[in-house]
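Student: The structure that follows is given in the form of structure tokens.
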Amino acid sequence: MSDAGVPTEAHRCGSVAIVGRPSVGKSTLLNALVGQKISITSRKPQTTRHRIMGVLTEPHAQFVFVDTPGFQTRHRSVLNRRMNATVRASLADVDVIVLVVDAARIADADREVIALLPKGTPVIAAVNKTDALADKRALLPRLAELARLWPFTAIVPVSAERVRQLDDLKAEIAKQLPAGPALYADDTLTDRDERFLAAELIREKIFRLLGDEVPYATTVTIERFEEDGKLRRIAAVVLVERAGQRAILVGEGGATMKAIASDARRDMETLFGGKVFLEVFVRVRSGWSESEATLKRLGYE
Ligand SMILES: Nc1nc2c(ncn2[C@@H]2O[C@H](COP(=O)(O)OP(=O)(O)OP(=O)(O)O)[C@@H](O)[C@H]2O)c(=O)[nH]1
Ligand SMILES: [Mg+2]
């Protein structure tokens with residue numbers, strides 16, 4: 001800022017939506033860009049259910065990234081429709097859009113996301129998972145194919161997981177950000193509070209440790225969150241649709257739930273920088289993902 005409070009020309013600040021079909025690596029990219037794990041990731045599609053802001057403050061630019069759920073074409077529950085609505089809303093009022101695709105292939109689901117892109121907002125394609133390409137020569141035709149699908153401002157091959165070419169991506173994004181002062185304090189990392197992050201970390205372990213059914217029938221709420229000096233006492237409830245799912249989640253002699261809770265607790269201690277005492281309970285509430293009222297109460301936008 002200059003003395004008169006007018007932003008200096010060099011500084012830029014703006015919002016950047018990260019969108020794409022499920023599992024292309026949007027959340028991994030957000031975490032790599034901001035340098036902290038704030039958005040959960042797993043091999044399973046539809047891991048992310050909420051939009052999550054991640055702020056990166058650099059000397060000449062502040063990037064306000066917004067991670068979004070993967071735009072989906074299957075599992076048409078009320079929850080899924082809400083998640084797609086979240087994607088659409090995120091596209092509507094941002095300065096820049098980053099479309100993430102998988103370097104291995106452009107699928108119909110990618111084309112469906114491209115069809116949602118608003119005209120007039122700069123869109124940068126991040127071609128992710130280049131590390132997993134057996135033959136690097138496959139990349140060039142992929143870039144050409146993308147260029148035919150949308151007038152992207154830039155197309156940047158990256159590896160979010162290996163943190164490769166992210167500086168190139170950031171430079172392309174920065175060029176498109178409007179001039180202006182930082183909107184957030186330079187130590188702001190996310191708009192989400194520790195309660196939300198704690199619930200998400202439990203959900204991540206459920207996505208990572210369990211098979212293909214239970215994660216999608218599950219949501220997590222925090223019943224109690226108390227800070228006692230550097231110690232946090234957290235009581236969480238996992239809601240499932242059916243008693244059989246509860247049995248799977250708990251596991252033999254409680255072993256599965258124990259693994260979920262201890263993995264989640266370890267991540268919370270890293271993220272919050274203090275000890276965590278975590279209790280997790282499992283309750284059956286059938287129809288939670290089909291009830292607008294319940295979803296609203298559970299914090300789904
Ligand atoms: N090899 C490789 N794997 C990656 C890369 N980026 C992400 N992944 C993996 O891809 C999977 C999906 O990553 P996520 O970040 O959860 O993907 P997402 O797009 O946020 O998925 P949804 O939230 O479900 O839409 C995870 O297993 C990641 O570890 C990458 O650069 N290279
Ligand atoms: Mg995600």
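Chain lettering (A, B, ...) mirrors the order of the structure tokens, residue numbering begins at 1 for each chain separately, and ligand numbering begins at 1 in order of display.
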As a quick test: using only C-alpha atoms and all ligand atoms, which residues lie no more than 10 Å away from ligand 1? Give them as a ChimeraX atom specification.

Tutor: /A:18-32,39-51,67-72,100-103,127-133,157-164,204,207-208

Student: Could you pull out the helix (DSSP H, G or I) residues of stretch 33-251 of chain A from DSSP and send them as a PyMOL selection string?

Tutor: chain A and resi 33-34+78-92+108-114+130-132+136-149+166-176+194-209+214-217+243-250

Student: Can you write just those residues out, C-alpha atoms, as a PDB file, in the first residue's frame?

Tutor:
```
ATOM      1  CA  LEU A  33      -0.017 -24.517  -3.314  1.00  0.00           C
ATOM      2  CA  VAL A  34      -0.609 -23.280   0.239  1.00  0.00           C
ATOM      3  CA  VAL A  78     -29.535 -34.794  -2.529  1.00  0.00           C
ATOM      4  CA  LEU A  79     -25.979 -34.504  -1.178  1.00  0.00           C
ATOM      5  CA  ASN A  80     -24.516 -34.943  -4.677  1.00  0.00           C
ATOM      6  CA  ARG A  81     -26.803 -32.315  -6.139  1.00  0.00           C
ATOM      7  CA  ARG A  82     -25.724 -29.909  -3.425  1.00  0.00           C
ATOM      8  CA  MET A  83     -22.078 -30.651  -4.152  1.00  0.00           C
ATOM      9  CA  ASN A  84     -22.590 -29.862  -7.846  1.00  0.00           C
ATOM     10  CA  ALA A  85     -24.399 -26.668  -6.902  1.00  0.00           C
ATOM     11  CA  THR A  86     -21.342 -25.749  -4.812  1.00  0.00           C
ATOM     12  CA  VAL A  87     -19.134 -26.182  -7.884  1.00  0.00           C
ATOM     13  CA  ARG A  88     -21.424 -24.002 -10.010  1.00  0.00           C
ATOM     14  CA  ALA A  89     -21.564 -21.289  -7.337  1.00  0.00           C
ATOM     15  CA  SER A  90     -17.775 -21.327  -6.996  1.00  0.00           C
ATOM     16  CA  LEU A  91     -17.361 -20.720 -10.726  1.00  0.00           C
ATOM     17  CA  ALA A  92     -19.652 -17.734 -10.691  1.00  0.00           C
ATOM     18  CA  ASP A 108     -16.314 -37.139 -20.890  1.00  0.00           C
ATOM     19  CA  ALA A 109     -16.576 -35.988 -17.279  1.00  0.00           C
ATOM     20  CA  ASP A 110     -13.879 -33.370 -18.013  1.00  0.00           C
ATOM     21  CA  ARG A 111     -15.894 -32.125 -20.979  1.00  0.00           C
ATOM     22  CA  GLU A 112     -18.937 -31.786 -18.716  1.00  0.00           C
ATOM     23  CA  VAL A 113     -16.967 -29.533 -16.392  1.00  0.00           C
ATOM     24  CA  ILE A 114     -15.652 -27.513 -19.332  1.00  0.00           C
ATOM     25  CA  THR A 130       2.563 -35.839 -15.005  1.00  0.00           C
ATOM     26  CA  ASP A 131       4.772 -37.935 -12.706  1.00  0.00           C
ATOM     27  CA  ALA A 132       2.526 -40.945 -13.356  1.00  0.00           C
ATOM     28  CA  LYS A 136       6.137 -38.356 -21.420  1.00  0.00           C
ATOM     29  CA  ARG A 137       5.532 -38.023 -25.151  1.00  0.00           C
ATOM     30  CA  ALA A 138       1.838 -38.650 -24.404  1.00  0.00           C
ATOM     31  CA  LEU A 139       1.679 -35.174 -22.882  1.00  0.00           C
ATOM     32  CA  LEU A 140       1.906 -33.100 -26.066  1.00  0.00           C
ATOM     33  CA  PRO A 141      -1.165 -34.537 -27.790  1.00  0.00           C
ATOM     34  CA  ARG A 142      -3.043 -34.111 -24.497  1.00  0.00           C
ATOM     35  CA  LEU A 143      -2.175 -30.406 -24.379  1.00  0.00           C
ATOM     36  CA  ALA A 144      -3.263 -29.982 -28.005  1.00  0.00           C
ATOM     37  CA  GLU A 145      -6.524 -31.815 -27.279  1.00  0.00           C
ATOM     38  CA  LEU A 146      -7.239 -29.489 -24.357  1.00  0.00           C
ATOM     39  CA  ALA A 147      -6.488 -26.387 -26.393  1.00  0.00           C
ATOM     40  CA  ARG A 148      -9.217 -27.415 -28.821  1.00  0.00           C
ATOM     41  CA  LEU A 149     -11.795 -27.697 -26.018  1.00  0.00           C
ATOM     42  CA  LEU A 166       3.742 -25.292  -9.374  1.00  0.00           C
ATOM     43  CA  ASP A 167       5.782 -22.099  -9.699  1.00  0.00           C
ATOM     44  CA  ASP A 168       4.872 -22.000 -13.399  1.00  0.00           C
ATOM     45  CA  LEU A 169       1.225 -22.467 -12.499  1.00  0.00           C
ATOM     46  CA  LYS A 170       1.365 -19.759  -9.822  1.00  0.00           C
ATOM     47  CA  ALA A 171       3.027 -17.344 -12.262  1.00  0.00           C
ATOM     48  CA  GLU A 172       0.257 -17.903 -14.820  1.00  0.00           C
ATOM     49  CA  ILE A 173      -2.415 -17.391 -12.160  1.00  0.00           C
ATOM     50  CA  ALA A 174      -0.726 -14.254 -10.778  1.00  0.00           C
ATOM     51  CA  LYS A 175      -0.763 -12.639 -14.224  1.00  0.00           C
ATOM     52  CA  GLN A 176      -4.574 -12.901 -14.213  1.00  0.00           C
ATOM     53  CA  GLU A 194     -10.526 -26.317  13.744  1.00  0.00           C
ATOM     54  CA  ARG A 195     -13.883 -28.048  14.340  1.00  0.00           C
ATOM     55  CA  PHE A 196     -14.440 -28.348  10.604  1.00  0.00           C
ATOM     56  CA  LEU A 197     -10.866 -29.473   9.936  1.00  0.00           C
ATOM     57  CA  ALA A 198     -11.098 -32.081  12.715  1.00  0.00           C
ATOM     58  CA  ALA A 199     -14.294 -33.565  11.256  1.00  0.00           C
ATOM     59  CA  GLU A 200     -12.743 -33.620   7.797  1.00  0.00           C
ATOM     60  CA  LEU A 201      -9.630 -35.452   8.983  1.00  0.00           C
ATOM     61  CA  ILE A 202     -11.820 -38.197  10.454  1.00  0.00           C
ATOM     62  CA  ARG A 203     -13.730 -38.402   7.185  1.00  0.00           C
ATOM     63  CA  GLU A 204     -10.441 -38.671   5.296  1.00  0.00           C
ATOM     64  CA  LYS A 205      -9.375 -41.712   7.308  1.00  0.00           C
ATOM     65  CA  ILE A 206     -12.755 -43.348   6.659  1.00  0.00           C
ATOM     66  CA  PHE A 207     -12.251 -42.726   2.914  1.00  0.00           C
ATOM     67  CA  ARG A 208      -8.736 -44.106   3.055  1.00  0.00           C
ATOM     68  CA  LEU A 209      -9.285 -47.126   5.296  1.00  0.00           C
ATOM     69  CA  VAL A 214     -19.236 -47.041   3.819  1.00  0.00           C
ATOM     70  CA  PRO A 215     -17.398 -43.744   3.062  1.00  0.00           C
ATOM     71  CA  TYR A 216     -20.292 -42.556   0.905  1.00  0.00           C
ATOM     72  CA  ALA A 217     -22.821 -43.411   3.616  1.00  0.00           C
ATOM     73  CA  ALA A 243     -26.517 -50.728  11.270  1.00  0.00           C
ATOM     74  CA  GLY A 244     -24.407 -52.958   8.986  1.00  0.00           C
ATOM     75  CA  GLN A 245     -22.260 -49.977   8.054  1.00  0.00           C
ATOM     76  CA  ARG A 246     -21.831 -49.140  11.698  1.00  0.00           C
ATOM     77  CA  ALA A 247     -20.517 -52.674  12.310  1.00  0.00           C
ATOM     78  CA  ILE A 248     -17.993 -52.324   9.447  1.00  0.00           C
ATOM     79  CA  LEU A 249     -16.857 -48.932  10.699  1.00  0.00           C
ATOM     80  CA  VAL A 250     -16.341 -50.157  14.244  1.00  0.00           C
TER      81      VAL A 250
END
```

Student: Set the distance at 12 Å and use only C-alpha atoms: which residues neighbour A:Ala10 once local chain neighbours fewer than 4 positions away are removed? I'd like the list as number ranges by chain.

Tutor: A: 1-2, 6, 58-62, 174-175, 177-182

Student: Emit the selected residues as a short mmCIF file (atom, residue, chain, number, x, y, z; two decimals), in the first residue's frame, including N, CA and C atoms.

Tutor:
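Okay, out_6.cif is ready:
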```
data_model
loop_
_atom_site.label_atom_id
_atom_site.label_comp_id
_atom_site.auth_asym_id
_atom_site.auth_seq_id
_atom_site.Cartn_x
_atom_site.Cartn_y
_atom_site.Cartn_z
N MET A 1 0.84 -1.20 0.00
CA MET A 1 0.00 0.00 0.00
C MET A 1 0.87 1.26 0.00
N SER A 2 0.46 2.26 -0.76
CA SER A 2 1.17 3.54 -0.69
C SER A 2 0.63 4.32 0.50
N VAL A 6 -3.71 3.70 -1.42
CA VAL A 6 -4.02 3.18 -2.75
C VAL A 6 -3.12 1.98 -3.01
N GLU A 58 2.16 -14.18 -0.84
CA GLU A 58 3.54 -13.99 -1.29
C GLU A 58 3.81 -12.49 -1.32
N PRO A 59 5.07 -12.08 -1.48
CA PRO A 59 5.37 -10.64 -1.38
C PRO A 59 4.56 -9.78 -2.37
N HIS A 60 4.32 -10.30 -3.59
CA HIS A 60 3.67 -9.46 -4.60
C HIS A 60 2.25 -9.88 -4.94
N ALA A 61 1.79 -10.94 -4.29
CA ALA A 61 0.43 -11.39 -4.60
C ALA A 61 -0.16 -12.21 -3.46
N GLN A 62 -1.47 -12.06 -3.30
CA GLN A 62 -2.18 -12.95 -2.39
C GLN A 62 -3.20 -13.74 -3.21
N ALA A 174 -1.01 -15.62 -11.26
CA ALA A 174 -0.73 -14.25 -10.78
C ALA A 174 -0.96 -13.22 -11.87
N LYS A 175 -0.57 -13.58 -13.10
CA LYS A 175 -0.76 -12.64 -14.22
C LYS A 175 -2.23 -12.24 -14.40
N LEU A 177 -4.56 -12.18 -11.87
CA LEU A 177 -5.20 -11.63 -10.67
C LEU A 177 -5.32 -10.11 -10.81
N PRO A 178 -6.41 -9.55 -10.32
CA PRO A 178 -6.54 -8.09 -10.36
C PRO A 178 -5.55 -7.41 -9.41
N ALA A 179 -5.15 -6.20 -9.77
CA ALA A 179 -4.29 -5.42 -8.87
C ALA A 179 -5.10 -5.06 -7.64
N GLY A 180 -4.46 -5.09 -6.49
CA GLY A 180 -5.17 -4.70 -5.27
C GLY A 180 -4.42 -5.17 -4.05
N PRO A 181 -4.77 -4.61 -2.91
CA PRO A 181 -4.09 -5.00 -1.67
C PRO A 181 -4.57 -6.37 -1.20
N ALA A 182 -3.80 -6.98 -0.31
CA ALA A 182 -4.19 -8.27 0.27
C ALA A 182 -5.51 -8.14 1.00
#
```

Student: Can you list, as JSON, numbers by chain, every residue of stretch 6-185 of chain A that DSSP puts in strand (DSSP E or B)?

Tutor: {"A": [12, 13, 14, 15, 16, 17, 18, 19, 52, 53, 54, 55, 56, 57, 58, 61, 62, 63, 64, 65, 66, 67, 96, 97, 98, 99, 100, 101, 102, 105, 123, 124, 125, 126, 127, 128, 154, 155, 156, 157, 159, 164, 179]}

Student: When you draw a straight line from atom CA of A:Ile124 to atom CA of A:Val96, how long is it in Å?

Tutor: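 Rounded to one decimal, the two atoms are 7.7 Å apart.
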
Student: What does the structure give for the distance between atom CA of A:Ile97 and atom CA of A:Ala17, in Å to one decimal?

Tutor: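 Rounded to one decimal, the two atoms are 4.8 Å apart.
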
Student: Env of stretch 284-289 of chain A: 6 Å cut, atoms = only C-alpha atoms, seq-sep filter 6 positions within chain, self excluded. Answer as a list in words.

Tutor: Leu79, Leu239, Val240, Glu241 and Arg242 of chain A

Student: Could you state the separation of atom CA of A:Ile38 and atom CA of A:Thr190 in Å, given to one decimal place?

Tutor: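 Straight-line distance from atom CA of A:Ile38 to atom CA of A:Thr190 works out to 7.6 Å.
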
Student: Tell me which of A:Thr57, A:Thr121, A:Thr188, A:Thr294 sits closest to A:Thr221, counting only C-alpha atoms.

Tutor: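 Residue with the minimum atom-to-atom distance to A:Thr221: A:Thr294.
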
Student: Which residues are close to A:Pro151, i.e. within 10 Å by only C-alpha atoms, leaving aside same-chain residues fewer than 6 positions away? Reply as a list in words.

Tutor: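 The residues that qualify are Lys119, Pro122, Val123, Ile124 and Ala125 of chain A.
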
Student: Neighbouring residues of A:Arg233 were defined as those with any atom within 9 Å, considering only C-alpha atoms; residues of the same chain fewer than 2 positions away were excluded. Please report them as a PyMOL selection string.

Tutor: chain A and resi 224-228+231+235+275-279
